[in-house]
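Engineer: structure08.cif is reproduced in full below (mmCIF, C-alpha atoms and all ligand atoms).
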```
data_work
#
loop_
_atom_site.group_PDB
_atom_site.id
_atom_site.type_symbol
_atom_site.label_atom_id
_atom_site.label_comp_id
_atom_site.auth_asym_id
_atom_site.auth_seq_id
_atom_site.Cartn_x
_atom_site.Cartn_y
_atom_site.Cartn_z
ATOM 1 C CA MET X 152 0.000 0.000 0.000
ATOM 2 C CA ARG X 153 1.306 3.404 -0.980
ATOM 3 C CA VAL X 154 1.237 6.154 1.669
ATOM 4 C CA ARG X 155 1.175 9.824 0.767
ATOM 5 C CA LEU X 156 1.077 12.958 2.923
ATOM 6 C CA GLU X 157 0.422 16.324 1.299
ATOM 7 C CA HIS X 158 1.162 19.412 3.380
ATOM 8 C CA VAL X 159 0.155 17.727 6.606
ATOM 9 C CA THR X 160 0.145 19.796 9.783
ATOM 10 C CA HIS X 161 -0.824 18.288 13.099
ATOM 11 C CA ILE X 162 -1.643 20.229 16.242
ATOM 12 C CA TYR X 163 -2.992 18.662 19.427
ATOM 13 C CA PRO X 164 -5.574 21.215 20.551
ATOM 14 C CA ALA X 165 -5.323 23.156 23.774
ATOM 15 C CA THR X 166 -7.203 21.892 26.801
ATOM 16 C CA ASP X 167 -8.253 23.767 29.949
ATOM 17 C CA GLU X 168 -4.895 22.850 31.505
ATOM 18 C CA SER X 169 -2.504 22.808 28.530
ATOM 19 C CA PRO X 170 -1.566 24.903 25.508
ATOM 20 C CA PRO X 171 -1.802 23.420 21.982
ATOM 21 C CA VAL X 172 1.104 21.235 20.799
ATOM 22 C CA GLN X 173 2.188 21.518 17.171
ATOM 23 C CA VAL X 174 3.872 18.264 16.156
ATOM 24 C CA LEU X 175 4.029 18.266 12.341
ATOM 25 C CA THR X 176 4.369 21.346 10.175
ATOM 26 C CA ASP X 177 3.545 21.165 6.460
ATOM 27 C CA VAL X 178 4.912 17.659 5.950
ATOM 28 C CA SER X 179 4.812 16.141 2.469
ATOM 29 C CA LEU X 180 6.009 12.571 2.100
ATOM 30 C CA GLU X 181 5.560 9.569 -0.131
ATOM 31 C CA ILE X 182 6.196 5.978 0.903
ATOM 32 C CA ARG X 183 6.069 3.559 -2.009
ATOM 33 C CA SER X 184 4.108 0.344 -1.830
ATOM 34 C CA GLY X 185 6.293 -2.403 -0.382
ATOM 35 C CA ASP X 186 8.830 -0.094 1.254
ATOM 36 C CA PHE X 187 10.127 -0.893 4.746
ATOM 37 C CA VAL X 188 10.582 2.559 6.266
ATOM 38 C CA VAL X 189 12.057 3.354 9.650
ATOM 39 C CA VAL X 190 10.994 6.527 11.513
ATOM 40 C CA MET X 191 13.545 7.972 13.918
ATOM 41 C CA GLY X 192 13.551 11.062 16.097
ATOM 42 C CA ALA X 193 13.925 12.158 19.701
ATOM 43 C CA SER X 194 11.293 11.308 22.271
ATOM 44 C CA GLY X 195 8.374 13.674 21.729
ATOM 45 C CA SER X 196 9.352 14.483 18.132
ATOM 46 C CA GLY X 197 6.147 12.993 16.734
ATOM 47 C CA LYS X 198 6.898 9.408 15.632
ATOM 48 C CA SER X 199 3.766 7.941 17.231
ATOM 49 C CA THR X 200 1.731 10.889 15.981
ATOM 50 C CA LEU X 201 2.903 10.216 12.417
ATOM 51 C CA LEU X 202 2.058 6.507 12.721
ATOM 52 C CA ASN X 203 -1.382 7.299 14.142
ATOM 53 C CA LEU X 204 -2.097 9.664 11.252
ATOM 54 C CA ILE X 205 -0.888 7.149 8.648
ATOM 55 C CA GLY X 206 -2.938 4.410 10.330
ATOM 56 C CA ALA X 207 -6.068 6.576 10.285
ATOM 57 C CA VAL X 208 -6.328 6.426 14.067
ATOM 58 C CA ASP X 209 -6.145 10.210 14.152
ATOM 59 C CA ARG X 210 -6.801 12.886 11.517
ATOM 60 C CA PRO X 211 -4.402 15.638 10.516
ATOM 61 C CA THR X 212 -5.314 19.166 11.564
ATOM 62 C CA SER X 213 -4.767 20.215 7.955
ATOM 63 C CA GLY X 214 -3.393 18.740 4.756
ATOM 64 C CA ARG X 215 -4.268 15.507 2.974
ATOM 65 C CA LEU X 216 -3.315 11.927 3.632
ATOM 66 C CA PHE X 217 -3.733 9.074 1.153
ATOM 67 C CA LEU X 218 -3.528 5.303 1.571
ATOM 68 C CA GLY X 219 -3.370 3.885 -1.918
ATOM 69 C CA ASP X 220 -5.808 5.994 -3.908
ATOM 70 C CA GLN X 221 -8.059 6.753 -0.963
ATOM 71 C CA GLU X 222 -7.884 10.089 0.772
ATOM 72 C CA THR X 223 -8.256 8.936 4.359
ATOM 73 C CA SER X 224 -8.209 12.464 5.737
ATOM 74 C CA SER X 225 -11.662 13.017 4.236
ATOM 75 C CA LEU X 226 -13.291 9.609 4.793
ATOM 76 C CA PRO X 227 -16.048 9.206 7.396
ATOM 77 C CA GLU X 228 -15.175 7.354 10.605
ATOM 78 C CA SER X 229 -17.087 4.215 9.561
ATOM 79 C CA ALA X 230 -15.012 3.885 6.387
ATOM 80 C CA LEU X 231 -11.786 4.388 8.346
ATOM 81 C CA THR X 232 -12.774 1.630 10.746
ATOM 82 C CA MET X 233 -13.319 -0.750 7.824
ATOM 83 C CA LEU X 234 -10.028 0.272 6.233
ATOM 84 C CA ARG X 235 -8.109 -0.305 9.473
ATOM 85 C CA ARG X 236 -9.705 -3.704 10.007
ATOM 86 C CA GLN X 237 -9.062 -4.892 6.481
ATOM 87 C CA SER X 238 -5.794 -3.338 5.417
ATOM 88 C CA ILE X 239 -3.718 -2.264 8.415
ATOM 89 C CA GLY X 240 -1.847 -4.194 11.112
ATOM 90 C CA PHE X 241 -0.584 -2.428 14.256
ATOM 91 C CA ILE X 242 2.311 -3.529 16.480
ATOM 92 C CA PHE X 243 2.958 -1.610 19.731
ATOM 93 C CA GLN X 244 5.758 -1.229 22.263
ATOM 94 C CA PHE X 245 3.644 -2.686 25.076
ATOM 95 C CA PHE X 246 2.048 -5.398 22.907
ATOM 96 C CA ASN X 247 -1.552 -4.360 23.794
ATOM 97 C CA LEU X 248 -2.846 -7.921 23.944
ATOM 98 C CA ILE X 249 -6.280 -8.465 25.467
ATOM 99 C CA PRO X 250 -5.512 -10.080 28.854
ATOM 100 C CA THR X 251 -8.793 -11.987 29.140
ATOM 101 C CA LEU X 252 -8.382 -13.693 25.748
ATOM 102 C CA ASN X 253 -5.940 -16.537 25.196
ATOM 103 C CA VAL X 254 -3.244 -16.505 22.502
ATOM 104 C CA PHE X 255 -5.475 -18.144 19.914
ATOM 105 C CA GLU X 256 -8.301 -15.675 20.583
ATOM 106 C CA ASN X 257 -5.990 -12.651 20.553
ATOM 107 C CA VAL X 258 -4.578 -13.629 17.167
ATOM 108 C CA ALA X 259 -8.054 -14.451 15.830
ATOM 109 C CA PHE X 260 -9.517 -11.132 16.992
ATOM 110 C CA PRO X 261 -9.204 -9.127 13.727
ATOM 111 C CA LEU X 262 -10.752 -11.974 11.721
ATOM 112 C CA SER X 263 -13.615 -12.220 14.208
ATOM 113 C CA LEU X 264 -14.215 -8.479 13.799
ATOM 114 C CA ASN X 265 -14.249 -9.006 10.039
ATOM 115 C CA GLY X 266 -16.986 -11.607 10.518
ATOM 116 C CA ARG X 267 -15.055 -14.577 9.120
ATOM 117 C CA GLY X 268 -16.314 -18.124 9.681
ATOM 118 C CA ARG X 269 -15.059 -20.433 12.404
ATOM 119 C CA GLY X 270 -13.328 -22.859 10.019
ATOM 120 C CA GLU X 271 -11.412 -20.181 8.168
ATOM 121 C CA ILE X 272 -10.371 -18.516 11.423
ATOM 122 C CA ASP X 273 -9.143 -21.798 12.951
ATOM 123 C CA GLY X 274 -7.009 -22.654 9.929
ATOM 124 C CA ARG X 275 -5.550 -19.204 9.535
ATOM 125 C CA VAL X 276 -4.739 -18.781 13.269
ATOM 126 C CA ARG X 277 -2.891 -22.114 13.275
ATOM 127 C CA GLU X 278 -0.928 -21.050 10.214
ATOM 128 C CA VAL X 279 0.012 -17.726 11.833
ATOM 129 C CA LEU X 280 0.933 -19.259 15.209
ATOM 130 C CA ASP X 281 3.262 -21.637 13.342
ATOM 131 C CA ARG X 282 4.737 -18.689 11.476
ATOM 132 C CA VAL X 283 5.507 -16.718 14.648
ATOM 133 C CA GLY X 284 6.852 -19.842 16.357
ATOM 134 C CA LEU X 285 4.147 -20.247 19.006
ATOM 135 C CA PRO X 286 1.967 -23.195 17.953
ATOM 136 C CA HIS X 287 2.303 -24.725 21.446
ATOM 137 C CA ARG X 288 1.041 -21.567 23.216
ATOM 138 C CA ALA X 289 -2.468 -21.291 21.713
ATOM 139 C CA THR X 290 -4.344 -21.836 24.983
ATOM 140 C CA HIS X 291 -2.104 -19.726 27.203
ATOM 141 C CA PHE X 292 -3.071 -16.247 28.359
ATOM 142 C CA PRO X 293 -0.869 -13.158 27.789
ATOM 143 C CA GLY X 294 0.008 -13.007 31.507
ATOM 144 C CA GLU X 295 1.601 -16.444 31.184
ATOM 145 C CA LEU X 296 4.003 -15.422 28.410
ATOM 146 C CA ALA X 297 7.455 -13.830 28.297
ATOM 147 C CA GLY X 298 7.756 -10.386 26.673
ATOM 148 C CA GLY X 299 9.242 -11.713 23.442
ATOM 149 C CA GLU X 300 6.425 -14.235 23.171
ATOM 150 C CA MET X 301 3.787 -11.561 23.809
ATOM 151 C CA GLN X 302 5.227 -9.491 20.997
ATOM 152 C CA ARG X 303 5.202 -12.478 18.643
ATOM 153 C CA VAL X 304 1.512 -13.012 19.493
ATOM 154 C CA ALA X 305 0.894 -9.314 18.796
ATOM 155 C CA ILE X 306 2.679 -9.657 15.464
ATOM 156 C CA GLY X 307 0.487 -12.651 14.676
ATOM 157 C CA ARG X 308 -2.569 -10.528 15.433
ATOM 158 C CA ALA X 309 -1.193 -7.746 13.225
ATOM 159 C CA ILE X 310 -0.755 -9.993 10.159
ATOM 160 C CA ILE X 311 -3.678 -12.419 10.520
ATOM 161 C CA HIS X 312 -5.820 -10.507 7.991
ATOM 162 C CA ARG X 313 -2.913 -10.102 5.517
ATOM 163 C CA PRO X 314 -2.724 -6.306 5.802
ATOM 164 C CA SER X 315 -1.066 -4.317 3.047
ATOM 165 C CA LEU X 316 0.259 -1.810 5.613
ATOM 166 C CA ILE X 317 1.992 -2.734 8.885
ATOM 167 C CA LEU X 318 2.673 0.010 11.444
ATOM 168 C CA ALA X 319 5.076 -0.814 14.260
ATOM 169 C CA ASP X 320 5.615 1.711 17.068
ATOM 170 C CA GLU X 321 8.878 0.844 18.883
ATOM 171 C CA PRO X 322 8.200 -2.884 18.615
ATOM 172 C CA THR X 323 11.465 -3.778 20.379
ATOM 173 C CA GLY X 324 11.324 -0.939 22.932
ATOM 174 C CA ASN X 325 10.332 -3.253 25.745
ATOM 175 C CA LEU X 326 12.431 -6.310 24.855
ATOM 176 C CA ASP X 327 15.962 -7.449 25.641
ATOM 177 C CA SER X 328 18.395 -7.568 22.731
ATOM 178 C CA ARG X 329 17.945 -11.269 21.955
ATOM 179 C CA ASN X 330 14.145 -11.033 21.810
ATOM 180 C CA GLY X 331 14.420 -7.717 20.012
ATOM 181 C CA GLU X 332 16.498 -9.356 17.283
ATOM 182 C CA MET X 333 13.981 -12.183 16.995
ATOM 183 C CA VAL X 334 11.118 -9.717 16.586
ATOM 184 C CA LEU X 335 13.041 -7.675 14.001
ATOM 185 C CA ASP X 336 13.893 -10.830 12.045
ATOM 186 C CA LEU X 337 10.230 -11.741 12.083
ATOM 187 C CA ILE X 338 9.004 -8.313 10.937
ATOM 188 C CA ARG X 339 11.659 -8.181 8.211
ATOM 189 C CA SER X 340 10.834 -11.633 6.865
ATOM 190 C CA LEU X 341 7.075 -11.044 7.028
ATOM 191 C CA HIS X 342 7.660 -7.887 5.022
ATOM 192 C CA ASP X 343 9.759 -9.719 2.459
ATOM 193 C CA GLU X 344 7.205 -12.526 2.116
ATOM 194 C CA SER X 345 4.149 -10.339 1.770
ATOM 195 C CA ALA X 346 5.328 -7.165 0.028
ATOM 196 C CA ALA X 347 3.345 -5.212 2.626
ATOM 197 C CA THR X 348 4.480 -1.663 3.326
ATOM 198 C CA VAL X 349 6.054 -1.446 6.791
ATOM 199 C CA VAL X 350 6.487 1.789 8.762
ATOM 200 C CA MET X 351 8.410 1.228 11.990
ATOM 201 C CA ALA X 352 9.276 3.838 14.624
ATOM 202 C CA THR X 353 12.326 3.117 16.754
ATOM 203 C CA HIS X 354 15.051 4.660 18.906
ATOM 204 C CA SER X 355 17.447 1.838 18.160
ATOM 205 C CA ASP X 356 20.121 2.043 15.436
ATOM 206 C CA ARG X 357 20.168 -1.721 15.411
ATOM 207 C CA ALA X 358 16.456 -1.854 14.628
ATOM 208 C CA ALA X 359 16.740 0.984 12.129
ATOM 209 C CA SER X 360 19.345 -0.906 10.110
ATOM 210 C CA ARG X 361 16.723 -3.543 9.269
ATOM 211 C CA GLY X 362 14.641 -1.162 7.178
ATOM 212 C CA ASP X 363 15.146 -0.077 3.555
ATOM 213 C CA TYR X 364 15.670 3.559 4.550
ATOM 214 C CA ILE X 365 15.215 5.969 7.450
ATOM 215 C CA ILE X 366 13.140 9.118 7.771
ATOM 216 C CA HIS X 367 13.913 11.536 10.590
ATOM 217 C CA ILE X 368 11.458 13.735 12.479
ATOM 218 C CA ALA X 369 12.627 16.893 14.219
ATOM 219 C CA ASP X 370 10.996 20.263 14.859
ATOM 220 C CA GLY X 371 7.852 19.280 13.003
ATOM 221 C CA GLN X 372 9.750 18.412 9.830
ATOM 222 C CA VAL X 373 10.322 15.020 8.230
ATOM 223 C CA THR X 374 13.538 14.518 6.301
ATOM 224 C CA ARG X 375 14.881 11.531 4.495
HETATM 225 N N1 LIG X 401 -3.099 13.440 22.825
HETATM 226 C C1 LIG X 401 -2.170 14.377 22.952
HETATM 227 N N2 LIG X 401 -2.466 15.611 23.378
HETATM 228 C C2 LIG X 401 -1.549 16.587 23.473
HETATM 229 N N3 LIG X 401 -0.257 16.429 23.163
HETATM 230 C C3 LIG X 401 0.105 15.206 22.731
HETATM 231 C C4 LIG X 401 -0.810 14.119 22.605
HETATM 232 N N4 LIG X 401 -0.130 13.034 22.161
HETATM 233 C C5 LIG X 401 1.133 13.423 22.011
HETATM 234 N N5 LIG X 401 1.292 14.733 22.351
HETATM 235 C C6 LIG X 401 2.537 15.530 22.284
HETATM 236 O O1 LIG X 401 2.948 15.531 20.924
HETATM 237 C C7 LIG X 401 4.358 15.427 20.843
HETATM 238 C C8 LIG X 401 4.725 14.210 20.004
HETATM 239 O O2 LIG X 401 4.332 13.035 20.688
HETATM 240 P P1 LIG X 401 4.603 11.583 20.104
HETATM 241 O O3 LIG X 401 3.989 10.637 21.057
HETATM 242 O O4 LIG X 401 4.151 11.531 18.700
HETATM 243 O O5 LIG X 401 6.210 11.507 20.158
HETATM 244 P P2 LIG X 401 7.167 10.268 19.898
HETATM 245 O O6 LIG X 401 8.194 10.713 18.924
HETATM 246 O O7 LIG X 401 6.370 9.070 19.564
HETATM 247 O O8 LIG X 401 7.867 10.085 21.331
HETATM 248 P P3 LIG X 401 8.421 8.741 22.039
HETATM 249 O O9 LIG X 401 9.724 8.432 21.374
HETATM 250 O O10 LIG X 401 8.606 9.148 23.464
HETATM 251 O O11 LIG X 401 7.383 7.663 21.860
HETATM 252 C C9 LIG X 401 4.864 15.367 22.279
HETATM 253 O O12 LIG X 401 5.249 16.649 22.647
HETATM 254 C C10 LIG X 401 3.657 14.907 23.062
HETATM 255 O O13 LIG X 401 3.694 15.387 24.371
HETATM 256 MG MG MG X 402 6.089 7.247 20.484
#
```
Render the structure in this file as structure tokens.

Structural biologist:
Amino acid sequence: MRVRLEHVTHIYPATDESPPVQVLTDVSLEIRSGDFVVVMGASGSGKSTLLNLIGAVDRPTSGRLFLGDQETSSLPESALTMLRRQSIGFIFQFFNLIPTLNVFENVAFPLSLNGRGRGEIDGRVREVLDRVGLPHRATHFPGELAGGEMQRVAIGRAIIHRPSLILADEPTGNLDSRNGEMVLDLIRSLHDESAATVVMATHSDRAASRGDYIIHIADGQVTR
């Protein structure tokens, strides 16, 4: 999936307690379909904000954002929800698994939301658990897993519906180096197998070296 930003500015509005925060200023950017892009920048520079805008979780204050040929910045919320469920996979620093669902159910969750049948879901979840190396953990709960395993479950959940865009926000930020490497290997090989576009935010040079190229955010600007 191709990603395009045209003159995007993003400002978190003021609240009763806080002034507005301008994070992106007139950013134009194109990410080609199938690219593996790494986003780097200091803490607070706007990496998560950029990922949330690309993933249609948030809307830019001004400017236009396209996923493929669709201008997401002007789509109604219902259409964005459908687009996220069908085409986008999210991976987070703190895994964000649902604690009351077991591994199988966590991975199956996006397919359940998409209304797929039991048989299809069972087959696909087994395939994905094999792929992330956790076929023996299907009935365990997130609280019973190590961090690296939780992230592999979360990656399974992110790819179960074969998204054309994968957004990873510091996916190794909460892992030791060995598990971090394992997760990066997995994301890289899933990218190479699927030709999905991957946008990954990270603080780690090691992680950044796994992408095709790096974009930097500082002072509201994105540079390549
Ligand atoms: N909902 C919000 N309301 C107001 N300000 C926000 C909100 N979310 C983020 N910000 C501010 O926007 C700026 C960018 O935040 P963002 O989370 O995108 O940074 P980041 O680069 O992901 O940082 P980190 O590396 O720490 O994850 C920060 O100054 C942050 O405080
Ligand atoms: Mg962040």

Engineer: Kindly give the distance, in Å, that separates atom CA of Asp177 of chain X and atom CA of Leu156 of chain X, rounded to a single decimal.

Structural biologist: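 Interatomic distance, atom CA of Asp177 of chain X to atom CA of Leu156 of chain X: 9.3 Å.
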
Engineer: Using the chain letters and numbers from the file, give me the residues hit by the PyMOL selection byres (((not hetatm)) within 10 of (chain X and resi 402)), as a PyMOL selection string.

Structural biologist: chain X and resi 191-203+243-244+320-321+352-354

Engineer: Which one is closest to Ile311 of chain X: X:Phe187, X:Phe255, X:Phe217, X:Tyr163? Count only C-alpha atoms.

Structural biologist: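 Nearest candidate to Ile311 of chain X out of X:Phe187, X:Phe255, X:Phe217, X:Tyr163: X:Phe255.
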
Engineer: So which residues get picked by the PyMOL selection byres (((chain X and resi 296) around 12) and not hetatm) here, written as a PyMOL selection string?

Structural biologist: chain X and resi 246+248+250+253-254+285+287-295+297-305

Engineer: Given 6 Å of margin on each side, can you work out the centre and size in Å (one decimal) of an axis-aligned box holding every listed atom of ligand LIG 401 (chain X), as AutoDock Vina command-line options?

Structural biologist:
```
--center_x 3.3 --center_y 12.2 --center_z 21.5 --size_x 24.8 --size_y 21.0 --size_z 17.7
```

Engineer: What lies within 9 Å of Arg235 of chain X using only C-alpha atoms, ignoring chain neighbours under 4 positions off, as a VMD selection string?

Structural biologist: chain X and resid 206 to 208 230 to 231 239 to 240 314

Engineer: Using only C-alpha atoms and all ligand atoms for the distances, tell me which of X:Leu204, X:Val159, X:Leu341, X:Ile317 is nearest to ligand LIG 401 (chain X).

Structural biologist: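 Closest candidate: X:Leu204.
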
Engineer: Have a look at X:Ala319, X:Ala347, X:Leu226, X:Val258 and name the one nearest to ligand LIG 401 (chain X); count all atoms listed in the file.

Structural biologist: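 For ligand LIG 401 (chain X), the nearest of the given residues is X:Ala319.
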
Engineer: With the PyMOL selection byres (((chain X and resi 373) around 12) and not hetatm) as the selection, what would be picked from this file? Answer as a ChimeraX atom specification, please.

Structural biologist: /X:156,158-160,174-181,189-192,196-198,201,365-372,374-375

Engineer: What is the atom CA of Thr166 of chain X-atom O11 of ligand LIG 401 (chain X) distance in Å, reported with one decimal?

Structural biologist: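 These atoms are spaced 21.0 Å apart.
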
Engineer: Record the distance separating atom O6 of ligand LIG 401 (chain X) and atom CA of Ile162 of chain X, expressed in Å with one decimal.

Structural biologist: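 Here the two named atoms are 13.9 Å from each other.
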
Engineer: Excluding same-chain residues fewer than 5 positions from Gly331 of chain X, what lies within 10 Å of it counting only C-alpha atoms, as a ChimeraX atom specification?

Structural biologist: /X:298-299,302,322-326,336-337,357-358

Engineer: Could you write out the selected residues, including C-alpha atoms, as a PDB file, keeping the file's coordinate frame?

Structural biologist:
```
ATOM      1  CA  GLY X 298       7.756 -10.386  26.673  1.00  0.00           C
ATOM      2  CA  GLY X 299       9.242 -11.713  23.442  1.00  0.00           C
ATOM      3  CA  GLN X 302       5.227  -9.491  20.997  1.00  0.00           C
ATOM      4  CA  PRO X 322       8.200  -2.884  18.615  1.00  0.00           C
ATOM      5  CA  THR X 323      11.465  -3.778  20.379  1.00  0.00           C
ATOM      6  CA  GLY X 324      11.324  -0.939  22.932  1.00  0.00           C
ATOM      7  CA  ASN X 325      10.332  -3.253  25.745  1.00  0.00           C
ATOM      8  CA  LEU X 326      12.431  -6.310  24.855  1.00  0.00           C
ATOM      9  CA  ASP X 336      13.893 -10.830  12.045  1.00  0.00           C
ATOM     10  CA  LEU X 337      10.230 -11.741  12.083  1.00  0.00           C
ATOM     11  CA  ARG X 357      20.168  -1.721  15.411  1.00  0.00           C
ATOM     12  CA  ALA X 358      16.456  -1.854  14.628  1.00  0.00           C
TER      13      ALA X 358
END
```
